[in-house]
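A quick write-up on the structure given underneath.
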Amino acid sequence: QVQLVESGGGSVQAGGSLRLSCTTSGYTYGRTCMGWFRQAPGKEREGVALIYRDSGIAYYADSVKGRFTVSQDNAKNTVYLQMNSLTPDDTGMYYCAAREGACGGFGRWYVQQSDFSYWGQGTQVTVSS
């Protein structure tokens with residue numbers, strides 16, 4: 001069983017930055033993909049960044065590319081999401097997720113909620129204009 005705990009959310013003005021952290025515990029079998037998802041009120045949960053735990057290869061949604069950076073410290077079992085140049089559209093609940101297996105395949109990256117098995121409780125990010 002895998003447990004994920006997010007931290008680092010908060011309120012910031014447009015143009016500001018936040019860094020989210022996700023501390024993991026437990027064990028996954030084989031290759032593991034970590035993901036950051038967000039959900040705005042009334043909208044579906046969407047994947048914004050993925051990272052392979054073994055190689056560090058990352059994927060970013062177009063909406064955050066160039067502004068967000070996903071990284072990890074495997075010695076600390078922690079995955080980070082550095083968010084810069086934040087806009088009000090970035091407001092939402094941010095979730096850390098994990099899945100056993102690849103971050104993508106069959107011609108797509110796994111950015112749907114149903115693609116991931118393990119979830120944290122979420123951390124709120126609010127960006128004001």
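Ligands are numbered from 1 in the order shown, residues from 1 within each chain, and chains are lettered A, B, ... in the order they appear in the structure tokens.
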Could you give me, as a PyMOL selection string, the residues within 8 Å of Ser63 (chain A), counting only C-alpha atoms and dropping anything in the same chain fewer than 2 positions from it? chain A and resi 48+61+65
Residues as selected, N, CA and C atoms, written as a CSV table (one decimal), in the first residue's frame, can you do that?
chain,number,residue,atom,x,y,z
A,48,VAL,N,-1.3,17.5,-14.6
A,48,VAL,CA,-0.5,18.6,-15.1
A,48,VAL,C,0.9,18.2,-15.2
A,61,ALA,N,1.5,19.1,-19.0
A,61,ALA,CA,0.4,19.6,-19.8
A,61,ALA,C,0.7,20.9,-20.4
A,65,LYS,N,3.3,24.1,-19.2
A,65,LYS,CA,4.6,23.9,-19.7
A,65,LYS,C,5.4,25.2,-19.7
Neighbouring residues of Ser71 (chain A) were defined as those with any atom within 8 Å, considering only C-alpha atoms; residues of the same chain fewer than 3 positions away were excluded. Please report them as a list in words.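 The residues satisfying every condition are Ile51, Gly56, Val79, Tyr80 and Leu81 of chain A.
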Now that the selection is made, can you save its residues with N, CA, C and O atoms as a PDB file, in the first residue's frame?
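Resulting contents of selection-v1.pdb:
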ATOM      1  N   ILE A  51       6.111  12.200 -13.683  1.00  0.00           N
ATOM      2  CA  ILE A  51       7.541  11.923 -13.662  1.00  0.00           C
ATOM      3  C   ILE A  51       7.779  10.454 -13.362  1.00  0.00           C
ATOM      4  O   ILE A  51       7.122   9.872 -12.492  1.00  0.00           O
ATOM      5  N   GLY A  56      13.394   9.910 -14.085  1.00  0.00           N
ATOM      6  CA  GLY A  56      13.182  11.346 -13.972  1.00  0.00           C
ATOM      7  C   GLY A  56      12.583  11.982 -15.218  1.00  0.00           C
ATOM      8  O   GLY A  56      12.393  13.203 -15.272  1.00  0.00           O
ATOM      9  N   VAL A  79       8.409  13.993  -3.975  1.00  0.00           N
ATOM     10  CA  VAL A  79       8.252  14.564  -5.307  1.00  0.00           C
ATOM     11  C   VAL A  79       7.793  16.011  -5.131  1.00  0.00           C
ATOM     12  O   VAL A  79       6.976  16.302  -4.256  1.00  0.00           O
ATOM     13  N   TYR A  80       8.314  16.883  -5.974  1.00  0.00           N
ATOM     14  CA  TYR A  80       8.010  18.316  -5.856  1.00  0.00           C
ATOM     15  C   TYR A  80       7.336  18.825  -7.125  1.00  0.00           C
ATOM     16  O   TYR A  80       7.526  18.273  -8.215  1.00  0.00           O
ATOM     17  N   LEU A  81       6.590  19.883  -6.967  1.00  0.00           N
ATOM     18  CA  LEU A  81       6.050  20.615  -8.111  1.00  0.00           C
ATOM     19  C   LEU A  81       6.322  22.095  -7.869  1.00  0.00           C
ATOM     20  O   LEU A  81       5.693  22.722  -7.013  1.00  0.00           O
TER      21      LEU A  81
END
Determine which residues of chain A DSSP labels as strand (DSSP E or B) from the backbone of this structure, then write them out as JSON, numbers by chain. {"A": [2, 3, 4, 5, 6, 7, 10, 11, 12, 13, 18, 19, 20, 21, 22, 23, 24, 25, 26, 32, 33, 34, 35, 36, 37, 38, 39, 46, 47, 48, 49, 50, 51, 52, 58, 59, 60, 68, 69, 70, 71, 72, 73, 78, 79, 80, 81, 82, 83, 92, 93, 94, 95, 96, 97, 98, 99, 100, 104, 105, 108, 109, 118, 119, 123, 124, 125, 126, 127, 128]}
Nearest residue to Gly104 (chain A) out of A:Lys76, A:Arg31, A:Arg38, A:Arg67, using only C-alpha atoms?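 Nearest candidate to Gly104 (chain A) out of A:Lys76, A:Arg31, A:Arg38, A:Arg67: A:Arg31.
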Extract, using only C-alpha atoms, all DNA, RNA and protein residues at most 6 Å from Gly35 (chain A), discarding same-chain residues fewer than 2 positions from it, and format them as a PyMOL selection string. chain A and resi 49-50+96-97
Kindly save the residues from that selection, with C-alpha atoms included, as a PDB file, in the first residue's frame.
ATOM      1  CA  ALA A  49       2.821  16.866 -14.594  1.00  0.00           C
ATOM      2  CA  LEU A  50       4.122  13.307 -14.512  1.00  0.00           C
ATOM      3  CA  CYS A  96      -0.223  13.889  -5.776  1.00  0.00           C
ATOM      4  CA  ALA A  97      -0.799  10.454  -7.296  1.00  0.00           C
TER       5      ALA A  97
END
Near Glu6 (chain A), within 8 Å and counting only C-alpha atoms, which residues show up once chain neighbours fewer than 5 positions away are dropped, as a count of residues only? 10
